[in-house]
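Q: Quick one: this structure, given as structure tokens, is what I'll be asking you about.
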Amino acid sequence: MRRNIEVKIPDGLKPGDKFTVSVALNKRINVEVPRGFRGGQKLQLNVELQKPEELAQIQKLLAEAGEGSGWVCLYALYIDSDVSREKGRKVSLECSCKKPTVVLMAEVLNRHGFKYVIEGNKRHPRDFLRPGRIRVHLKNADGTSTSTISPSINTRKKLLRLIGKSIPQLPGYDQYLKEKPPPIPGIDKDINTNHGSPALTSAEKKRLKRRDRKKKK
């Protein structure tokens, strides 16, 4: 899977100079400034987020992810420390973190040996300005955890607590908090945090405007 992203060339660079771009947590690519571009200008890049063979494996996993198959759906909203319980957070503040995304959640799942599928164009109805959800193969048919690294994690609540506590411990997390979040596989267009976002349907935009009008009253 490939995706077009827009990056800003660091100030002071000229054609032929190189700089690095973050495309995922702990994953950076080197970019050479092309002819006709200089520092301060924006550049369109086409980057590979997932290889074709990985996409084929994802499709196979999705086919297995039916009801009762031991798969669970998770959203970043569930572990966001800036979200209240009433708004959708599922764990305590001690088990949550700032600015979580499905990409960060996937980093933790990789470390604990869970299979997962990122569905980039899915959104939680309470949080549809933040794209993505992740489906995790959590349990075997007998109810045991699918992870041999963390066999005690066999419920959604335990998994959310594990992810929320582990994200801040990921290498590069402190720097990530200062930067623009990396792209999410499956997102066809950039997400803008406003009502004009191309990722929102017309119905979602109207719902946002109605909500804003109610807040002003």
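How things are named: the first chain in the structure tokens is A, the next is B, and so on; residues count from 1 in each chain; ligands count from 1 in the order shown.
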Near range 135-139 of chain A, counting only C-alpha atoms, which residues have an atom at most 8 Å away, once you skip same-chain residues fewer than 5 positions from it, shown as a ChimeraX atom specification?
A: /A:65,69-74,114-119,144-147,153-156
Q: What is the distance, in Å and to one decimal place, between CA of Ile134 in chain A and CA of Ile5 in chain A?
A: 21.5 Å
Q: For range 86-102 of chain A, list every protein, DNA or RNA residue within 7 Å, evaluated using only C-alpha atoms, and leave out those in the same chain fewer than 2 positions away; present the list as a list of chain:residue names.
A: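 Counting only the stated atoms, we get A:Ala76, A:Leu77, A:Tyr78, A:Ile79, A:Asp80, A:Ser81, A:Asp82, A:Val83, A:Ser84, A:Leu104, A:Met105, A:Ala106, A:Gly132, A:Arg133, A:Ile134, A:Arg161, A:Gly164, A:Lys165, A:Pro168.
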Q: Please dump the current selection as a compact mmCIF listing (two decimals), in the first residue's frame; keep all heavy atoms.
A:
```
# COMPACT_ATOMS: atom_id res chain seq x y z
N ALA A 76 -8.23 4.37 19.18
CA ALA A 76 -7.30 5.16 19.99
C ALA A 76 -8.04 5.93 21.07
O ALA A 76 -7.49 6.20 22.15
CB ALA A 76 -6.50 6.12 19.09
N LEU A 77 -9.28 6.30 20.80
CA LEU A 77 -10.12 7.00 21.77
C LEU A 77 -10.14 6.28 23.12
O LEU A 77 -10.18 6.93 24.18
CB LEU A 77 -11.54 7.10 21.20
CG LEU A 77 -12.66 7.58 22.11
CD1 LEU A 77 -12.58 9.09 22.26
CD2 LEU A 77 -14.02 7.18 21.55
N TYR A 78 -10.12 4.96 23.09
CA TYR A 78 -10.27 4.17 24.31
C TYR A 78 -9.14 4.37 25.32
O TYR A 78 -9.32 4.11 26.51
CB TYR A 78 -10.35 2.68 23.97
CG TYR A 78 -11.56 2.27 23.17
CD1 TYR A 78 -11.60 1.02 22.54
CD2 TYR A 78 -12.67 3.10 23.04
CE1 TYR A 78 -12.71 0.61 21.81
CE2 TYR A 78 -13.77 2.71 22.30
CZ TYR A 78 -13.79 1.46 21.68
OH TYR A 78 -14.89 1.06 20.96
N ILE A 79 -7.96 4.81 24.84
CA ILE A 79 -6.81 4.95 25.74
C ILE A 79 -6.26 6.37 25.75
O ILE A 79 -5.13 6.59 26.18
CB ILE A 79 -5.70 3.95 25.36
CG1 ILE A 79 -5.26 4.16 23.90
CG2 ILE A 79 -6.14 2.52 25.59
CD1 ILE A 79 -4.00 3.39 23.52
N ASP A 80 -7.04 7.33 25.30
CA ASP A 80 -6.59 8.73 25.22
C ASP A 80 -6.81 9.42 26.56
O ASP A 80 -7.94 9.57 27.02
CB ASP A 80 -7.37 9.45 24.12
CG ASP A 80 -6.77 10.81 23.77
OD1 ASP A 80 -6.14 11.42 24.65
OD2 ASP A 80 -6.92 11.25 22.62
N SER A 81 -5.72 9.87 27.16
CA SER A 81 -5.81 10.51 28.48
C SER A 81 -6.52 11.85 28.43
O SER A 81 -6.94 12.37 29.48
CB SER A 81 -4.41 10.68 29.08
OG SER A 81 -3.60 11.48 28.25
N ASP A 82 -6.65 12.45 27.26
CA ASP A 82 -7.34 13.73 27.13
C ASP A 82 -8.84 13.58 26.92
O ASP A 82 -9.55 14.56 26.75
CB ASP A 82 -6.74 14.54 25.97
CG ASP A 82 -5.33 15.01 26.25
OD1 ASP A 82 -5.03 15.29 27.44
OD2 ASP A 82 -4.51 15.08 25.32
N VAL A 83 -9.30 12.35 26.89
CA VAL A 83 -10.73 12.05 26.70
C VAL A 83 -11.32 11.54 28.01
O VAL A 83 -10.71 10.71 28.69
CB VAL A 83 -10.92 11.00 25.58
CG1 VAL A 83 -12.39 10.59 25.47
CG2 VAL A 83 -10.42 11.53 24.25
N SER A 84 -12.48 12.04 28.37
CA SER A 84 -13.12 11.62 29.62
C SER A 84 -13.78 10.25 29.46
O SER A 84 -13.97 9.76 28.34
CB SER A 84 -14.18 12.64 30.05
OG SER A 84 -15.26 12.64 29.12
N LEU A 104 0.65 3.73 16.71
CA LEU A 104 1.34 3.49 17.97
C LEU A 104 0.83 2.21 18.63
O LEU A 104 1.62 1.45 19.21
CB LEU A 104 1.13 4.68 18.91
CG LEU A 104 1.74 6.02 18.48
CD1 LEU A 104 1.37 7.11 19.48
CD2 LEU A 104 3.24 5.91 18.36
N MET A 105 -0.46 1.98 18.56
CA MET A 105 -1.04 0.77 19.13
C MET A 105 -0.45 -0.46 18.44
O MET A 105 -0.15 -1.47 19.09
CB MET A 105 -2.56 0.79 19.00
CG MET A 105 -3.21 1.92 19.79
SD MET A 105 -4.96 2.19 19.41
CE MET A 105 -5.70 0.85 20.35
N ALA A 106 -0.27 -0.36 17.14
CA ALA A 106 0.30 -1.48 16.38
C ALA A 106 1.74 -1.76 16.80
O ALA A 106 2.17 -2.91 16.82
CB ALA A 106 0.23 -1.18 14.88
N GLY A 132 -9.00 5.77 11.80
CA GLY A 132 -8.39 4.48 12.05
C GLY A 132 -8.94 3.72 13.24
O GLY A 132 -9.29 4.28 14.28
N ARG A 133 -9.04 2.42 13.04
CA ARG A 133 -9.27 1.49 14.15
C ARG A 133 -8.40 0.27 13.89
O ARG A 133 -7.91 0.07 12.79
CB ARG A 133 -10.74 1.10 14.29
CG ARG A 133 -11.23 0.05 13.30
CD ARG A 133 -12.67 -0.32 13.59
NE ARG A 133 -13.16 -1.31 12.63
CZ ARG A 133 -14.42 -1.70 12.54
NH1 ARG A 133 -15.33 -1.18 13.34
NH2 ARG A 133 -14.78 -2.60 11.64
N ILE A 134 -8.21 -0.53 14.93
CA ILE A 134 -7.36 -1.70 14.79
C ILE A 134 -8.10 -2.93 15.31
O ILE A 134 -8.72 -2.88 16.36
CB ILE A 134 -6.02 -1.48 15.54
CG1 ILE A 134 -5.00 -2.54 15.17
CG2 ILE A 134 -6.21 -1.35 17.02
CD1 ILE A 134 -3.57 -2.15 15.53
N ARG A 161 -5.24 -1.81 28.68
CA ARG A 161 -4.34 -1.34 29.74
C ARG A 161 -2.88 -1.54 29.33
O ARG A 161 -2.03 -0.67 29.55
CB ARG A 161 -4.62 -2.11 31.03
CG ARG A 161 -5.93 -1.72 31.71
CD ARG A 161 -6.25 -2.67 32.84
NE ARG A 161 -7.49 -2.30 33.53
CZ ARG A 161 -8.14 -3.12 34.36
NH1 ARG A 161 -7.67 -4.34 34.60
NH2 ARG A 161 -9.24 -2.72 34.94
N GLY A 164 -2.07 1.11 26.58
CA GLY A 164 -2.00 2.47 27.13
C GLY A 164 -0.75 2.71 27.97
O GLY A 164 -0.17 3.80 27.94
N LYS A 165 -0.31 1.70 28.72
CA LYS A 165 0.89 1.84 29.53
C LYS A 165 2.17 1.73 28.70
O LYS A 165 3.20 2.31 29.04
CB LYS A 165 0.91 0.76 30.62
CG LYS A 165 -0.05 0.99 31.77
CD LYS A 165 0.11 -0.10 32.82
CE LYS A 165 -0.75 0.16 34.05
NZ LYS A 165 -0.57 -0.91 35.06
N PRO A 168 3.82 5.10 25.98
CA PRO A 168 4.79 6.10 26.42
C PRO A 168 6.21 5.56 26.57
O PRO A 168 7.17 6.33 26.64
CB PRO A 168 4.23 6.56 27.78
CG PRO A 168 2.77 6.28 27.70
CD PRO A 168 2.68 5.00 26.91
```
Q: Calculate how many Å separate CA of Pro10 in chain A from CA of Gly172 in chain A, rounding to one decimal.
A: 20.3 Å
Q: What does the distance from CA of Ile163 in chain A to CA of Arg126 in chain A come to in Å, to one decimal?
A: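 Those two atoms sit 20.5 Å apart.
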Q: Just list the residues in range 73-164 of chain A DSSP gives strand (DSSP E or B) on the backbone, as a list of chain:residue names.
A: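 Residues of range 73-164 of chain A classed as strand (DSSP E or B): A:Cys73, A:Leu74, A:Asp80, A:Cys97, A:Lys115, A:Tyr116, A:Val117, A:Ile118, A:Glu119, A:Arg133, A:Ile134, A:Arg135, A:Val136, A:His137, A:Lys139, A:Ser145.
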